[in-house]
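Have a look at data08.cif; it's mmCIF, C-alpha atoms:
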```
data_my_file
#
loop_
_atom_site.group_PDB
_atom_site.id
_atom_site.type_symbol
_atom_site.label_atom_id
_atom_site.label_comp_id
_atom_site.auth_asym_id
_atom_site.auth_seq_id
_atom_site.Cartn_x
_atom_site.Cartn_y
_atom_site.Cartn_z
ATOM 1 C CA MET B 13 118.951 100.317 138.764
ATOM 2 C CA ALA B 14 117.989 100.611 142.423
ATOM 3 C CA HIS B 15 117.454 98.128 145.253
ATOM 4 C CA TYR B 16 114.008 98.186 146.871
ATOM 5 C CA MET B 17 112.456 96.558 149.915
ATOM 6 C CA ILE B 18 108.686 96.070 149.793
ATOM 7 C CA ARG B 19 107.016 94.881 153.007
ATOM 8 C CA VAL B 20 103.545 93.377 152.610
ATOM 9 C CA LYS B 21 100.975 92.080 155.062
ATOM 10 C CA GLY B 22 100.710 88.316 155.426
ATOM 11 C CA ASP B 23 102.729 85.318 154.329
ATOM 12 C CA LEU B 24 102.954 85.058 150.551
ATOM 13 C CA SER B 25 102.840 81.576 149.072
ATOM 14 C CA PRO B 26 105.592 80.414 146.694
ATOM 15 C CA GLU B 27 103.086 80.779 143.841
ATOM 16 C CA LEU B 28 102.638 84.466 144.683
ATOM 17 C CA THR B 29 106.325 85.201 145.182
ATOM 18 C CA ASP B 30 107.074 83.450 141.868
ATOM 19 C CA ALA B 31 105.021 86.225 140.225
ATOM 20 C CA PHE B 32 107.905 88.593 141.050
ATOM 21 C CA PRO B 33 111.003 86.887 139.574
ATOM 22 C CA SER B 34 113.266 89.925 140.024
ATOM 23 C CA LEU B 35 112.611 89.990 143.794
ATOM 24 C CA SER B 36 113.545 87.667 146.653
ATOM 25 C CA ALA B 37 111.080 86.954 149.450
ATOM 26 C CA ASP B 38 111.897 86.712 153.150
ATOM 27 C CA PRO B 39 108.960 85.654 155.326
ATOM 28 C CA GLU B 40 108.656 87.394 158.682
ATOM 29 C CA PRO B 41 105.963 86.999 161.346
ATOM 30 C CA ALA B 42 102.669 88.098 159.724
ATOM 31 C CA GLN B 43 104.559 89.818 156.886
ATOM 32 C CA THR B 44 106.700 89.112 153.849
ATOM 33 C CA VAL B 45 109.580 91.282 152.671
ATOM 34 C CA LEU B 46 110.247 91.323 148.941
ATOM 35 C CA HIS B 47 113.575 92.819 147.932
ATOM 36 C CA GLY B 48 115.710 93.134 144.856
ATOM 37 C CA GLU B 49 116.953 95.291 142.021
ATOM 38 C CA LEU B 50 114.398 97.051 139.809
ATOM 39 C CA ASP B 51 115.364 98.896 136.633
ATOM 40 C CA ASP B 52 113.440 102.117 137.221
ATOM 41 C CA GLN B 53 110.346 103.764 138.719
ATOM 42 C CA ALA B 54 108.154 102.159 136.037
ATOM 43 C CA ALA B 55 109.311 98.695 137.164
ATOM 44 C CA LEU B 56 108.561 99.601 140.791
ATOM 45 C CA ALA B 57 105.107 100.883 139.801
ATOM 46 C CA GLY B 58 104.483 97.631 137.932
ATOM 47 C CA VAL B 59 105.315 95.549 141.013
ATOM 48 C CA LEU B 60 103.157 97.727 143.265
ATOM 49 C CA ASN B 61 100.237 97.577 140.807
ATOM 50 C CA HIS B 62 100.581 93.790 140.559
ATOM 51 C CA LEU B 63 100.510 93.467 144.360
ATOM 52 C CA ASP B 64 97.418 95.679 144.470
ATOM 53 C CA THR B 65 95.706 93.621 141.763
ATOM 54 C CA LEU B 66 96.368 90.475 143.820
ATOM 55 C CA GLY B 67 94.738 92.136 146.848
ATOM 56 C CA ILE B 68 97.963 92.199 148.851
ATOM 57 C CA THR B 69 98.285 94.987 151.410
ATOM 58 C CA ILE B 70 101.501 96.986 150.999
ATOM 59 C CA VAL B 71 102.884 98.062 154.371
ATOM 60 C CA GLU B 72 106.140 99.791 153.395
ATOM 61 C CA VAL B 73 108.283 100.571 150.350
ATOM 62 C CA VAL B 74 111.917 101.627 150.862
ATOM 63 C CA GLN B 75 114.674 102.361 148.376
ATOM 64 C CA VAL B 76 117.792 100.818 149.924
ATOM 65 C CA PRO B 77 120.958 102.901 149.491
ATOM 66 C CA PRO B 78 123.844 101.183 147.741
ATOM 67 C CA ALA B 79 126.393 99.528 150.013
ATOM 68 C CA ARG B 80 129.580 101.471 150.600
ATOM 69 C CA ARG B 81 132.744 99.898 149.291
#
```
Transcribe the structure of this file into structure tokens.
Amino acid sequence: MAHYMIRVKGDLSPELTDAFPSLSADPEPAQTVLHGELDDQAALAGVLNHLDTLGITIVEVVQVPPARR
């Protein structure tokens, strides 16, 4: 499992962010950052495809390294 940050263009409504239950949403000016744990590359591809299907512009996708203990 890996932590991802997906930055998209525009403010996503609660209805849209609810479509991604494994991710949290943090609104930023003119963008929304979705972040959370995804099981594998297939799960990431599913989220990206869903965003594309909804017509949401993806600005950035980053795999966040695990925090050091």
### Query
Residues picked by the PyMOL selection byres ((chain B and resi 77) around 9) here, as a list of chain:residue names?
B:Ala14, B:His15, B:Tyr16, B:Gln75, B:Val76, B:Pro78, B:Ala79, B:Arg80
List the residues selected by the PyMOL selection byres ((chain B and resi 20) around 9) in the file shown, writing them as a PDB file with C-alpha atoms, keeping the file's coordinate frame.
```pdb
ATOM      1  CA  ILE B  18     108.686  96.070 149.793  1.00  0.00           C
ATOM      2  CA  ARG B  19     107.016  94.881 153.007  1.00  0.00           C
ATOM      3  CA  LYS B  21     100.975  92.080 155.062  1.00  0.00           C
ATOM      4  CA  GLY B  22     100.710  88.316 155.426  1.00  0.00           C
ATOM      5  CA  ASP B  23     102.729  85.318 154.329  1.00  0.00           C
ATOM      6  CA  LEU B  24     102.954  85.058 150.551  1.00  0.00           C
ATOM      7  CA  ALA B  42     102.669  88.098 159.724  1.00  0.00           C
ATOM      8  CA  GLN B  43     104.559  89.818 156.886  1.00  0.00           C
ATOM      9  CA  THR B  44     106.700  89.112 153.849  1.00  0.00           C
ATOM     10  CA  VAL B  45     109.580  91.282 152.671  1.00  0.00           C
ATOM     11  CA  LEU B  46     110.247  91.323 148.941  1.00  0.00           C
ATOM     12  CA  LEU B  63     100.510  93.467 144.360  1.00  0.00           C
ATOM     13  CA  ILE B  68      97.963  92.199 148.851  1.00  0.00           C
ATOM     14  CA  THR B  69      98.285  94.987 151.410  1.00  0.00           C
ATOM     15  CA  ILE B  70     101.501  96.986 150.999  1.00  0.00           C
ATOM     16  CA  VAL B  71     102.884  98.062 154.371  1.00  0.00           C
ATOM     17  CA  GLU B  72     106.140  99.791 153.395  1.00  0.00           C
ATOM     18  CA  VAL B  73     108.283 100.571 150.350  1.00  0.00           C
TER      19      VAL B  73
END
```
### Query
Hey, which of B:His62, B:Glu27, B:Leu35, B:Val74 ends up closest to Glu49 in chain B? Count all atoms listed in the file.
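Checking each of B:His62, B:Glu27, B:Leu35, B:Val74 against Glu49 in chain B, counting all atoms listed in the file, the winner is B:Leu35.
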#### Entry: Separation of CA of Ala55 in chain B from CA of Glu40 in chain B in Å
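Computing it gives 24.3 Å between the two atoms.
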### Message
Quick check on the file I pasted: which residues fall under the PyMOL selection byres ((chain B and resi 59) around 10)? Write them as a list in words.
### Response
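Taken on the displayed file, the PyMOL selection byres ((chain B and resi 59) around 10) yields the residues Ile18, Ala31, Phe32, Ser34, Leu35, Leu50, Gln53, Ala54, Ala55, Leu56, Ala57, Gly58, Leu60, Asn61, His62, Leu63, Asp64 and Thr65 of chain B.
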Return as lines of an AutoDock Vina configuration file the box centre and box size in Å, one decimal, for an axis-aligned box around all listed atoms of range 35-49 of chain B padded by 3 Å per side.
```
center_x = 109.8
center_y = 90.5
center_z = 151.7
size_x = 20.3
size_y = 15.6
size_z = 25.3
```
Output file: range 44-73 of chain B, C-alpha atoms, as a compact mmCIF listing (two decimals), in the first residue's frame:
```
# COMPACT_ATOMS: atom_id res chain seq x y z
CA THR B 44 -8.25 20.32 -4.71
CA VAL B 45 -5.72 17.87 -3.31
CA LEU B 46 -6.91 14.30 -2.85
CA HIS B 47 -4.65 12.13 -0.72
CA GLY B 48 -4.70 8.74 0.89
CA GLU B 49 -3.58 5.13 0.83
CA LEU B 50 -4.20 3.08 -2.32
CA ASP B 51 -3.59 -0.66 -2.47
CA ASP B 52 -1.62 -0.80 -5.72
CA GLN B 53 -1.07 0.69 -9.18
CA ALA B 54 -4.41 -0.72 -10.37
CA ALA B 55 -6.21 1.23 -7.62
CA LEU B 56 -4.34 4.40 -8.62
CA ALA B 57 -5.25 3.83 -12.28
CA GLY B 58 -8.88 3.37 -11.27
CA VAL B 59 -8.93 6.71 -9.43
CA LEU B 60 -7.23 8.50 -12.33
CA ASN B 61 -9.64 6.96 -14.86
CA HIS B 62 -12.61 7.95 -12.69
CA LEU B 63 -11.36 11.54 -12.49
CA ASP B 64 -10.91 11.58 -16.27
CA THR B 65 -14.41 10.19 -16.81
CA LEU B 66 -15.80 12.99 -14.63
CA GLY B 67 -13.96 15.55 -16.79
CA ILE B 68 -11.67 16.64 -13.96
CA THR B 69 -8.26 17.96 -14.99
CA ILE B 70 -5.41 16.19 -13.19
CA VAL B 71 -2.57 18.59 -12.43
CA GLU B 72 -0.14 16.39 -10.48
CA VAL B 73 0.19 12.86 -9.09
```
